[in-house]
Structures are given as structure tokens and as C-alpha cells.
>>> print(open('query_7.txt').read())   # compact mmCIF, C-alpha atoms and all ligand atoms
# COMPACT_ATOMS: atom_id res chain seq x y z
CA PRO A 1330 60.78 60.59 18.31
CA GLN A 1331 58.51 63.08 19.91
CA TYR A 1332 59.46 62.04 23.40
CA SER A 1333 62.85 61.54 24.89
CA LEU A 1334 63.90 59.18 27.63
CA LYS A 1335 65.54 61.99 29.54
CA ASP A 1336 62.44 64.19 29.46
CA ALA A 1337 60.07 61.37 30.32
CA TYR A 1338 62.22 60.51 33.35
CA ARG A 1339 63.16 64.05 34.39
CA ASN A 1340 61.24 63.76 37.66
CA TYR A 1341 62.51 60.29 38.41
CA PHE A 1342 66.22 59.71 37.80
CA PRO A 1343 68.88 60.05 35.13
CA ILE A 1344 68.73 57.68 32.15
CA GLY A 1345 72.19 56.76 30.97
CA ALA A 1346 73.99 55.05 28.12
CA ALA A 1347 77.40 53.43 28.00
CA VAL A 1348 79.34 54.95 25.12
CA LEU A 1349 82.43 54.41 23.03
CA PRO A 1350 84.62 57.25 21.77
CA ASN A 1351 83.77 56.54 18.12
CA GLN A 1352 80.08 56.92 18.96
CA ILE A 1353 80.45 60.41 20.36
CA ASN A 1354 82.60 61.32 17.35
CA ASN A 1355 79.80 60.32 14.97
CA SER A 1356 77.38 63.23 14.73
CA LYS A 1357 74.25 61.11 14.25
CA ILE A 1358 75.01 58.85 17.17
CA ALA A 1359 76.13 61.79 19.29
CA ASN A 1360 72.83 63.46 18.52
CA LEU A 1361 70.89 60.40 19.68
CA ILE A 1362 72.94 60.27 22.88
CA THR A 1363 72.49 63.93 23.79
CA THR A 1364 68.81 64.15 22.90
CA GLN A 1365 67.77 60.94 24.63
CA PHE A 1366 70.05 60.40 27.61
CA SER A 1367 70.92 62.45 30.68
CA SER A 1368 73.90 60.41 31.83
CA ILE A 1369 76.92 58.71 30.30
CA THR A 1370 79.16 55.82 31.26
CA ALA A 1371 82.42 55.19 29.42
CA ALA A 1372 81.91 51.60 28.22
CA ASN A 1373 85.65 50.97 28.47
CA ASP A 1374 87.77 54.07 28.62
CA MET A 1375 87.81 54.73 32.36
CA LYS A 1376 88.72 51.17 33.35
CA PRO A 1377 92.05 50.56 35.11
CA THR A 1378 93.70 48.90 32.07
CA TYR A 1379 92.83 51.95 29.97
CA LEU A 1380 93.67 54.67 32.51
CA GLN A 1381 96.88 53.21 33.90
CA PRO A 1382 98.27 50.69 31.39
CA LYS A 1383 101.71 50.93 33.00
CA GLU A 1384 102.58 51.80 36.53
CA GLY A 1385 102.56 55.57 36.93
CA VAL A 1386 101.54 56.19 33.31
CA PHE A 1387 98.05 57.64 33.36
CA ASN A 1388 96.18 57.96 30.09
CA PHE A 1389 93.27 60.32 30.62
CA ASN A 1390 92.92 61.40 27.01
CA VAL A 1391 89.90 59.43 25.85
CA GLY A 1392 88.19 59.50 29.24
CA ASP A 1393 88.54 63.28 29.25
CA LYS A 1394 86.92 63.52 25.82
CA ILE A 1395 83.94 61.52 27.00
CA VAL A 1396 83.65 63.58 30.17
CA SER A 1397 83.86 66.91 28.36
CA PHE A 1398 81.28 65.72 25.82
CA ALA A 1399 78.98 64.99 28.76
CA THR A 1400 79.68 68.27 30.53
CA LYS A 1401 79.16 70.29 27.34
CA ASN A 1402 75.82 68.60 26.81
CA ASN A 1403 74.63 68.88 30.37
CA MET A 1404 74.85 65.19 31.07
CA LYS A 1405 75.98 63.43 34.21
CA VAL A 1406 78.86 60.97 34.23
CA ARG A 1407 78.83 57.59 36.01
CA GLY A 1408 82.43 56.65 36.59
CA HIS A 1409 83.17 53.03 35.63
CA THR A 1410 85.24 51.50 37.18
CA LEU A 1411 88.06 51.96 39.71
CA VAL A 1412 88.82 48.44 40.85
CA TRP A 1413 87.84 45.36 38.85
CA PRO A 1414 89.57 42.35 40.41
CA ARG A 1415 89.45 40.14 37.33
CA LYS A 1416 90.56 42.88 34.96
CA MET A 1417 93.30 44.84 36.63
CA PRO A 1418 96.33 45.50 34.44
CA LYS A 1419 98.81 42.63 34.77
CA TRP A 1420 101.52 44.87 36.22
CA PHE A 1421 99.39 45.36 39.33
CA TYR A 1422 100.27 41.84 40.46
CA TYR A 1423 104.01 41.91 39.92
CA SER A 1424 106.98 43.67 41.36
CA GLN A 1425 110.38 43.16 39.80
CA GLY A 1426 109.22 39.95 38.16
CA LYS A 1427 107.83 38.43 41.36
CA ALA A 1428 104.34 38.28 42.80
CA VAL A 1429 103.56 41.57 44.47
CA GLY A 1430 103.20 41.70 48.25
CA LYS A 1431 100.16 42.93 50.10
CA ASP A 1432 101.48 46.32 51.14
CA LEU A 1433 102.57 47.34 47.67
CA LEU A 1434 99.34 46.06 46.15
CA LEU A 1435 97.27 48.13 48.57
CA LYS A 1436 99.47 51.13 47.84
CA ARG A 1437 98.81 50.66 44.12
CA ILE A 1438 95.08 50.51 44.73
CA GLU A 1439 95.35 53.71 46.74
CA THR A 1440 97.38 55.52 44.07
CA HIS A 1441 95.09 54.43 41.25
CA VAL A 1442 91.83 55.27 43.01
CA ASN A 1443 93.11 58.55 44.39
CA THR A 1444 94.62 59.77 41.11
CA VAL A 1445 91.58 58.88 39.01
CA VAL A 1446 88.93 60.17 41.40
CA GLN A 1447 90.79 63.44 41.95
CA HIS A 1448 91.29 63.87 38.22
CA TYR A 1449 87.53 63.65 37.63
CA LYS A 1450 86.51 65.35 40.85
CA GLY A 1451 83.30 67.33 40.46
CA LYS A 1452 82.68 65.80 37.02
CA THR A 1453 81.71 62.23 37.86
CA TYR A 1454 78.63 62.24 40.07
CA CYS A 1455 79.19 58.63 41.09
CA TRP A 1456 81.74 55.84 40.77
CA ASP A 1457 81.62 52.08 40.48
CA VAL A 1458 84.38 51.80 43.05
CA VAL A 1459 84.58 48.03 42.96
CA ASN A 1460 83.18 45.95 40.09
CA GLU A 1461 82.33 42.22 40.09
CA ALA A 1462 84.27 41.19 43.19
CA ILE A 1463 81.79 38.76 44.73
CA PRO A 1464 81.76 35.30 43.14
CA PHE A 1465 78.79 33.04 42.49
CA PHE A 1466 80.43 30.09 44.21
CA GLY A 1467 83.17 29.21 46.62
CA PRO A 1468 83.93 29.83 50.25
CA ASN A 1469 85.49 33.29 49.90
CA PRO A 1470 83.45 36.45 50.27
CA LEU A 1471 85.40 38.13 47.47
CA ASP A 1472 86.87 36.93 44.21
CA SER A 1473 89.21 33.98 44.36
CA ASN A 1474 90.71 33.85 40.91
CA LYS A 1475 94.31 32.88 40.42
CA ASP A 1476 95.74 36.37 40.42
CA SER A 1477 92.97 38.16 42.22
CA LEU A 1478 93.37 41.02 44.60
CA TYR A 1479 91.69 38.92 47.25
CA ILE A 1480 94.36 36.24 47.39
CA ILE A 1481 97.09 38.81 47.96
CA ALA A 1482 95.39 41.54 49.93
CA GLY A 1483 92.30 39.88 51.41
CA GLU A 1484 89.21 41.96 52.09
CA GLU A 1485 91.28 45.03 52.83
CA TYR A 1486 91.52 46.03 49.18
CA PHE A 1487 87.75 46.43 49.03
CA ASP A 1488 87.52 48.73 52.04
CA LYS A 1489 90.59 50.65 51.00
CA ALA A 1490 89.17 51.47 47.57
CA PHE A 1491 86.04 52.99 49.12
CA TYR A 1492 87.88 54.98 51.82
CA VAL A 1493 90.32 56.43 49.31
CA ALA A 1494 87.54 57.31 46.83
CA ARG A 1495 85.53 59.05 49.55
CA LYS A 1496 88.48 61.15 50.56
CA ALA A 1497 89.42 62.02 46.98
CA ASP A 1498 85.92 63.32 46.13
CA PRO A 1499 83.59 63.51 49.12
CA ASN A 1500 80.67 64.51 46.89
CA ALA A 1501 80.75 61.50 44.58
CA LYS A 1502 78.35 58.66 45.36
CA LEU A 1503 80.22 55.42 45.77
CA PHE A 1504 78.81 52.20 44.32
CA TYR A 1505 79.52 48.52 44.43
CA ASN A 1506 78.62 47.15 40.97
CA ASP A 1507 77.96 43.53 40.03
CA ASN A 1508 76.10 41.10 37.80
CA GLY A 1509 73.95 38.08 38.60
CA PHE A 1510 71.39 39.74 40.92
CA GLU A 1511 68.73 37.67 39.14
CA TRP A 1512 70.30 34.63 40.72
CA LYS A 1513 69.08 34.59 44.33
CA LYS A 1514 72.12 32.85 45.71
CA LYS A 1515 74.45 35.49 44.34
CA ARG A 1516 72.15 38.38 45.23
CA ASP A 1517 71.98 37.22 48.82
CA ARG A 1518 75.72 36.86 48.94
CA ILE A 1519 76.22 40.41 47.70
CA PHE A 1520 73.66 41.61 50.22
CA GLU A 1521 75.37 39.89 53.17
CA TYR A 1522 78.74 41.22 52.11
CA LEU A 1523 77.59 44.81 51.69
CA LYS A 1524 75.64 44.70 54.93
CA LYS A 1525 78.78 43.73 56.84
CA ALA A 1526 80.87 46.28 55.00
CA LYS A 1527 78.36 49.04 55.84
CA ALA A 1528 78.33 47.86 59.45
CA ARG A 1529 82.10 48.21 59.73
CA GLY A 1530 81.81 51.74 58.40
CA VAL A 1531 82.94 51.38 54.78
CA PRO A 1532 81.60 54.43 52.87
CA ILE A 1533 79.32 52.74 50.32
CA ASP A 1534 76.35 54.73 49.04
CA GLY A 1535 74.84 52.45 46.49
CA VAL A 1536 74.66 49.18 44.70
CA GLY A 1537 74.71 48.82 40.91
CA MET A 1538 72.78 45.91 39.45
CA GLN A 1539 74.23 45.49 35.99
CA GLY A 1540 71.01 44.09 34.54
CA HIS A 1541 72.32 41.95 31.69
CA TRP A 1542 69.03 40.16 31.33
CA GLY A 1543 67.28 38.27 28.57
CA ILE A 1544 64.02 37.36 26.96
CA ASP A 1545 63.40 34.96 29.86
CA GLY A 1546 62.98 38.15 31.89
CA ILE A 1547 63.05 38.73 35.61
CA SER A 1548 60.02 38.60 37.85
CA GLU A 1549 58.49 41.83 39.04
CA ALA A 1550 58.10 40.59 42.60
CA TYR A 1551 61.74 39.53 42.75
CA LEU A 1552 62.94 42.85 41.31
CA ARG A 1553 60.92 44.78 43.89
CA GLU A 1554 62.11 42.56 46.72
CA THR A 1555 65.73 43.06 45.62
CA ILE A 1556 65.47 46.85 45.50
CA LYS A 1557 63.75 46.89 48.88
CA MET A 1558 66.40 44.66 50.42
CA PHE A 1559 69.36 46.85 49.46
CA SER A 1560 67.53 50.00 50.28
CA SER A 1561 66.78 48.63 53.78
CA ILE A 1562 70.52 48.76 54.54
CA GLY A 1563 70.78 52.36 53.38
CA LEU A 1564 71.99 51.78 49.82
CA GLU A 1565 70.58 53.46 46.77
CA VAL A 1566 70.02 51.15 43.83
CA GLN A 1567 70.82 51.76 40.17
CA ILE A 1568 70.51 49.53 37.14
CA THR A 1569 73.88 50.24 35.58
CA GLU A 1570 74.32 48.11 32.44
CA LEU A 1571 70.84 47.19 31.28
CA ASP A 1572 70.25 45.12 28.19
CA ILE A 1573 67.54 42.61 27.31
CA SER A 1574 69.04 39.99 25.02
CA ILE A 1575 66.63 38.44 22.51
CA TYR A 1576 67.82 35.04 23.77
CA PRO A 1577 67.23 33.54 27.20
CA ILE A 1578 70.02 34.06 29.71
CA ARG A 1579 69.50 30.66 31.27
CA SER A 1580 67.79 27.42 30.51
CA SER A 1581 66.66 25.12 33.35
CA GLY A 1582 68.79 27.12 35.75
CA LYS A 1583 71.98 26.82 33.68
CA VAL A 1584 73.58 29.92 32.20
CA MET A 1585 73.47 29.79 28.39
CA LYS A 1586 76.73 29.57 26.49
CA ALA A 1587 77.33 30.38 22.82
CA ALA A 1588 77.14 26.67 21.95
CA ASP A 1589 73.65 26.36 23.50
CA LEU A 1590 72.31 28.98 21.08
CA LYS A 1591 73.72 27.39 17.93
CA SER A 1592 70.39 26.14 16.65
CA THR A 1593 68.33 29.05 17.99
CA SER A 1594 66.90 31.34 15.33
CA ASP A 1595 68.20 34.90 15.31
CA ALA A 1596 64.96 36.26 13.83
CA TYR A 1597 63.78 39.35 15.65
CA THR A 1598 60.14 38.45 15.42
CA GLU A 1599 57.16 40.57 16.33
CA GLN A 1600 56.56 38.21 19.23
CA ILE A 1601 60.08 38.69 20.60
CA GLN A 1602 59.85 42.47 20.17
CA THR A 1603 56.63 42.47 22.14
CA LYS A 1604 58.04 40.27 24.89
CA GLN A 1605 61.16 42.42 25.11
CA ALA A 1606 59.06 45.59 25.33
CA GLN A 1607 57.04 44.05 28.17
CA ILE A 1608 60.19 43.27 30.11
CA TYR A 1609 61.60 46.75 29.55
CA SER A 1610 58.40 48.51 30.54
CA MET A 1611 58.01 46.40 33.68
CA ILE A 1612 61.56 47.22 34.79
CA PHE A 1613 61.16 50.95 34.13
CA ARG A 1614 57.75 50.98 35.85
CA VAL A 1615 59.07 49.27 38.98
CA CYS A 1616 61.97 51.73 39.09
CA ARG A 1617 59.61 54.71 38.71
CA GLU A 1618 57.39 53.37 41.45
CA MET A 1619 60.42 52.92 43.68
CA LYS A 1620 62.01 56.26 42.86
CA GLY A 1621 64.17 57.50 45.69
CA GLN A 1622 65.23 53.93 46.32
CA VAL A 1623 66.18 53.66 42.64
CA THR A 1624 68.38 56.54 41.49
CA GLY A 1625 69.23 55.70 37.89
CA ILE A 1626 68.98 53.37 34.92
CA THR A 1627 71.79 53.04 32.39
CA LEU A 1628 71.56 51.06 29.14
CA TRP A 1629 74.80 49.31 28.15
CA SER A 1630 74.59 50.87 24.67
CA PRO A 1631 72.61 53.75 23.14
CA TYR A 1632 71.34 51.51 20.29
CA ASP A 1633 71.53 48.01 18.79
CA TRP A 1634 74.93 47.21 17.39
CA ALA A 1635 77.25 44.23 17.38
CA ASN A 1636 78.62 44.71 20.86
CA TYR A 1637 79.94 42.36 23.54
CA LEU A 1638 76.74 40.28 23.53
CA THR A 1639 77.07 39.47 19.83
CA LYS A 1640 80.74 38.64 20.27
CA ARG A 1641 80.16 36.51 23.33
CA MET A 1642 77.16 34.55 22.07
CA GLY A 1643 78.12 34.45 18.39
CA LYS A 1644 74.64 35.60 17.40
CA LYS A 1645 73.02 38.78 16.19
CA ASN A 1646 71.25 40.60 18.97
CA TYR A 1647 68.87 43.51 19.40
CA PRO A 1648 69.09 44.31 23.10
CA TYR A 1649 68.47 48.08 23.39
CA LEU A 1650 65.81 50.76 22.92
CA PHE A 1651 66.88 52.08 19.49
CA ASP A 1652 67.57 49.97 16.42
CA GLU A 1653 70.65 49.75 14.21
CA ASN A 1654 69.47 52.83 12.29
CA LEU A 1655 69.03 54.73 15.55
CA GLN A 1656 65.24 54.56 15.24
CA PRO A 1657 63.07 54.06 18.33
CA LYS A 1658 61.78 50.53 18.91
CA LYS A 1659 58.61 49.25 20.52
CA SER A 1660 60.50 49.00 23.81
CA PHE A 1661 61.31 52.71 23.63
CA HIS A 1662 57.69 53.70 23.10
CA ASP A 1663 56.51 51.50 25.94
CA VAL A 1664 59.11 52.91 28.31
CA VAL A 1665 58.37 56.61 27.63
CA ASN A 1666 54.58 56.42 27.34
CA PHE A 1667 53.36 55.89 30.87
O1 LIG B 1 89.56 48.44 20.74
C1 LIG B 1 90.25 47.19 20.60
C2 LIG B 1 90.62 46.94 19.16
O2 LIG B 1 91.52 47.93 18.73
C3 LIG B 1 91.24 45.54 19.05
O3 LIG B 1 91.50 45.26 17.72
C4 LIG B 1 90.30 44.48 19.62
C5 LIG B 1 90.91 43.09 19.60
O4 LIG B 1 90.31 42.24 20.51
O5 LIG B 1 90.01 44.81 20.95
C6 LIG B 1 89.35 46.07 21.10
O6 LIG B 1 89.13 46.29 22.48
C7 LIG B 1 88.09 45.51 23.07
C8 LIG B 1 87.07 46.49 23.65
O7 LIG B 1 86.09 45.78 24.36
C9 LIG B 1 86.38 47.36 22.60
O8 LIG B 1 85.58 46.58 21.76
C10 LIG B 1 88.70 44.66 24.17
O9 LIG B 1 89.54 43.68 23.61
C11 LIG B 1 87.60 43.99 24.97
O10 LIG B 1 88.16 43.34 26.09
C12 LIG B 1 86.60 45.02 25.45
O11 LIG B 1 85.55 44.36 26.07
C13 LIG B 1 84.77 45.10 26.98
C14 LIG B 1 84.69 44.31 28.30
O12 LIG B 1 83.80 44.98 29.18
C15 LIG B 1 86.06 44.22 28.98
O13 LIG B 1 86.53 45.49 29.38
C16 LIG B 1 83.39 45.30 26.38
O14 LIG B 1 83.49 46.17 25.25
C17 LIG B 1 82.46 45.92 27.42
O15 LIG B 1 81.14 45.96 26.90
C18 LIG B 1 82.48 45.07 28.69
O16 LIG B 1 81.66 45.70 29.65
C19 LIG B 1 81.47 44.98 30.86
C20 LIG B 1 81.45 45.98 32.00
O17 LIG B 1 82.59 46.80 31.98
C21 LIG B 1 81.33 45.26 33.34
N1 LIG B 1 80.17 44.37 33.35
C22 LIG B 1 80.05 43.44 32.21
C23 LIG B 1 80.14 44.20 30.89
C24 LIG B 1 79.92 43.28 29.71
O18 LIG B 1 80.90 42.28 29.64
>>> encode(input="query_7.txt", output="C-alpha cells", more="lines below")
Ligand code: G3I
Amino acid sequence: PQYSLKDAYRNYFPIGAAVLPNQINNSKIANLITTQFSSITAANDMKPTYLQPKEGVFNFNVGDKIVSFATKNNMKVRGHTLVWPRKMPKWFYYSQGKAVGKDLLLKRIETHVNTVVQHYKGKTYCWDVVNEAIPFFGPNPLDSNKDSLYIIAGEEYFDKAFYVARKADPNAKLFYNDNGFEWKKKRDRIFEYLKKAKARGVPIDGVGMQGHWGIDGISEAYLRETIKMFSSIGLEVQITELDISIYPIRSSGKVMKAADLKSTSDAYTEQIQTKQAQIYSMIFRVCREMKGQVTGITLWSPYDWANYLTKRMGKKNYPYLFDENLQPKKSFHDVVNF
């Protein structure tokens, strides 16, 4: 295409893509990534299970390749993610075959965050320090899964992760990243939690709204209100994992499961393409108009391929700005021509 996302948004904020190692090793895909995007997120390779699969064994190989690809091509790197309560490596929760105690768990958080952030110091411009810790339901402010960090270490693990990250790289912007902002109850819960955390001095710079949305969209007024809300407590806002599924995300308030889509057609009709492009262009327009408050948009893939959405919903999907052949879609044109 004549235009690129990164050029169109040069005066606004970086436009990112989450990438896999085999994508940057493929010259055509790599070319799409470097010509269109100004920022990169490792879709998987900088997560705790990948970087420290065993205690004390750090595996920076693939992460380093992604980071040097970015550096070589003048792209920023969004670090993702340091602490993900539901997806920490299993060893985190055990010590000599027994459930780990609080002190050792906090020490492990400290070692992991410190080692990773120092390793990438000066190369990652921001970090998702904690990912998906705040639940939709339940009495606890943080996750309350069976083997969650919260049950063992309470809220301290959250604060600790941010303090350690700040010290390890004082120039990196520190984010709390989560899904479900489109659901008011969860958004408000995240807001209350971050407001308190800021008030007790936890060094949080921004909030990442993942943005796994669908053809049922999100209202413009609600999106604006949400950005304004978080920015009023001194947080910058980024959309960190954007995709617009060709299926609705919820139906009469209930979140869709694979079974609910069984009889839904997977045809990518003209009508759906148009609707999807309208949603994309609204989101990008709101973010442009709120630049300064919004400091980045990242797509959860550079182009349409059978990724986690297809696996999870058991249906073909076309959620991004470029098609399976890496060609620009209607959504792309609508997002760059403003
Ligand atoms: O690479 C292995 C392959 O060798 C193996 O045969 C196969 C068997 O299952 O697994 C492959 O690894 C999978 C990997 O994706 C690469 O496809 C992992 O099992 C699978 O767990 C992993 O899923 C990722 C998921 O996070 C969990 O880390 C998805 O790709 C990734 O898109 C998803 O991303 C998350 C964000 O980090 C946080 N927010 C939600 C978002 C979507 O779920």
C-alpha cells in the first residue's frame, strides 16, 4: 500500500503488532511488519513461562531475537509480560514439593522481574508489569484462582512487581494490562484498584486495555469515557492487543463460547468487512483525538491468520488490518486515510 500505519500515525503514537519468531524469520511477513508498524510485542516469548521455565534458568534466546529485530529496524518494543498470575510457571508455587510460602514467592517475583527488566534495559520502552490480575467477579481485588499469587502473597506481589521494575529500569513506562474494559463492572473495578495503588505510591505509569473486541463493537462514548477516567488519575492509556473478531463477543450480556458460534456462518461478507472497518476507524479516530492521553495502539497480530481466536472459538476469523496474503483490507484503508 501507498500509506503505512506507522507513517500515518507518526505524529500520534506508535502502532504495534504482536509477533511470533517464525513471522520475523519469514521475509515477506518481516517486510510487512517493518514497513507498517513502529512497535513490536512478543506474542509469547517474553512471558514468564518462556523466559524462566525452571527456577534460575533464564532463556532469553528468542526474546533477544525479537528485540534485536526491532532495534535493527528502528522499532520500539513493548515488553509483555512480567507477572501473569494465572500463567506463572508451575514451579513458582512450589518449594521442595510443598506449597511455597509468601516470602519465597515474593523473592521469586523480585528475581524474575529484576533479571528480565535489567536484561532488556534501554531496549523495552514499556512493560506490562502485571497482566490480567483483576477478576470479573468475587470479593477479592486481585485474582483468586486456586494457585494464584494473591492467595499466597496477597496484594503485596502486585506492588512489589512495580517497585522492582521501576528500580531495574527507571526509564521504562510501567503498565497494568487487562481485558474486559468493555464490561463496565470490570472496568470500574480495575479503575478503583489502580486508583488506590497510585494513591499508595505504586509506580504505575499506564493502563493497557487489551481490546479483544468483536463485530458487536464498543460504543464511542464509552471508549472516550474510559480513556478520560484513567487519564484523570495520571495514567496513560494504550490499546495493547487489539483485534476485532468477525463474531460478536457477547450476546445478551453473556460472553460467547465456541459452542454458541456453532451455527454462525464464517463467511467474511462485504457487510461484515464494512462493519469491522467502521469499528476500527472509530477506535483509531478516538485515540487520535485523545492523543497524549492515548500513547499507543498494538494489534495482536500483523495480519489474519489462524491464531488464538480461531483456536478458542473453533471458527475461521479475520480480525486484523491485513489479510491472509498480507494485503491491506478495508479496515486498513479506513484507518490510514483520515
Ligand atoms: O509452540 C507450541 C507448539 O510447539 C506446541 O505444539 C503447541 C501445543 O499446544 O503449543 C504451542 O505453544 C502455544 C503458543 O500459544 C503458540 O501458539 C501454547 O500452547 C499456547 O498456550 C500459547 O497461547 C498463547 C496464550 O496467550 C498463552 O500464553 C497465545 O498464542 C497468545 O495469543 C495469548 O495471548 C494472550 C496475551 O498474552 C494476554 N491477553 C490475552 C491474549 C489472548 O489469549
>>> closest_residue(input="query_7.txt", among="A:Met1558, A:Met1585, A:Leu1571, A:Val1386", to="ligand LIG 1 (chain B)", atoms="only C-alpha atoms and all ligand atoms")
A:Leu1571
>>> residues_around(input="query_7.txt", residues="segment 1389-1396 of chain A", least_positions_apart="3", cutoff="7 Å", atoms="only C-alpha atoms", output="MDAnalysis selection string")
chainID A and resid 1350 1371 1374:1375 1380 1399:1400 1406
>>> write_last_selection(input="query_7.txt", atoms="C-alpha atoms", output="compact mmCIF listing (two decimals), keeping the file's coordinate frame")
# COMPACT_ATOMS: atom_id res chain seq x y z
CA PRO A 1350 84.62 57.25 21.77
CA ALA A 1371 82.42 55.19 29.42
CA ASP A 1374 87.77 54.07 28.62
CA MET A 1375 87.81 54.73 32.36
CA LEU A 1380 93.67 54.67 32.51
CA ALA A 1399 78.98 64.99 28.76
CA THR A 1400 79.68 68.27 30.53
CA VAL A 1406 78.86 60.97 34.23
>>> residues_near_ligand(input="query_7.txt", ligand="ligand LIG 1 (chain B)", cutoff="10 Å", atoms="all atoms listed in the file", output="PyMOL selection string")
chain A and resi 1347-1349+1370-1379+1409-1410+1413+1415-1417+1457+1460-1461+1506-1508+1538-1541+1569-1572+1629-1630+1635-1638+1640-1641
>>> atom_distance(input="query_7.txt", atom1="atom CA of Gly1535 of chain A", atom2="atom CA of Lys1450 of chain A")
18.3 Å
>>> atom_distance(input="query_7.txt", atom1="atom CA of Phe1504 of chain A", atom2="atom CA of Glu1521 of chain A")
15.5 Å
>>> residues_around(input="query_7.txt", residues="Lys1604 of chain A", least_positions_apart="6", cutoff="12 Å", atoms="all atoms listed in the file", output="PDB file with C-alpha atoms, in the coordinates of the input")
ATOM      1  CA  GLY A1543      67.280  38.270  28.570  1.00  0.00           C
ATOM      2  CA  ILE A1544      64.020  37.360  26.960  1.00  0.00           C
ATOM      3  CA  ASP A1545      63.400  34.960  29.860  1.00  0.00           C
ATOM      4  CA  GLY A1546      62.980  38.150  31.890  1.00  0.00           C
ATOM      5  CA  ILE A1547      63.050  38.730  35.610  1.00  0.00           C
ATOM      6  CA  ILE A1573      67.540  42.610  27.310  1.00  0.00           C
ATOM      7  CA  SER A1574      69.040  39.990  25.020  1.00  0.00           C
ATOM      8  CA  ILE A1575      66.630  38.440  22.510  1.00  0.00           C
ATOM      9  CA  TYR A1576      67.820  35.040  23.770  1.00  0.00           C
ATOM     10  CA  PRO A1577      67.230  33.540  27.200  1.00  0.00           C
ATOM     11  CA  TYR A1597      63.780  39.350  15.650  1.00  0.00           C
ATOM     12  CA  THR A1598      60.140  38.450  15.420  1.00  0.00           C
ATOM     13  CA  SER A1610      58.400  48.510  30.540  1.00  0.00           C
ATOM     14  CA  MET A1611      58.010  46.400  33.680  1.00  0.00           C
ATOM     15  CA  PRO A1648      69.090  44.310  23.100  1.00  0.00           C
ATOM     16  CA  LYS A1659      58.610  49.250  20.520  1.00  0.00           C
ATOM     17  CA  SER A1660      60.500  49.000  23.810  1.00  0.00           C
ATOM     18  CA  ASP A1663      56.510  51.500  25.940  1.00  0.00           C
TER      19      ASP A1663
END
>>> atom_distance(input="query_7.txt", atom1="atom CA of Arg1617 of chain A", atom2="atom CA of Trp1512 of chain A")
22.8 Å
>>> closest_residue(input="query_7.txt", among="A:Asp1517, A:Glu1484, A:Glu1439, A:Asp1476", to="Lys1496 of chain A", atoms="only C-alpha atoms")
A:Glu1439
>>> closest_residue(input="query_7.txt", among="A:Lys1335, A:Pro1470, A:Met1404, A:Pro1418", to="Lys1383 of chain A", atoms="all atoms listed in the file")
A:Pro1418
>>> axis_aligned_box(input="query_7.txt", around="segment 1440-1453 of chain A", padding_each_side="5 Å", output="lines of an AutoDock Vina configuration file")
center_x = 89.5
center_y = 60.9
center_z = 40.7
size_x = 25.7
size_y = 22.9
size_z = 17.4
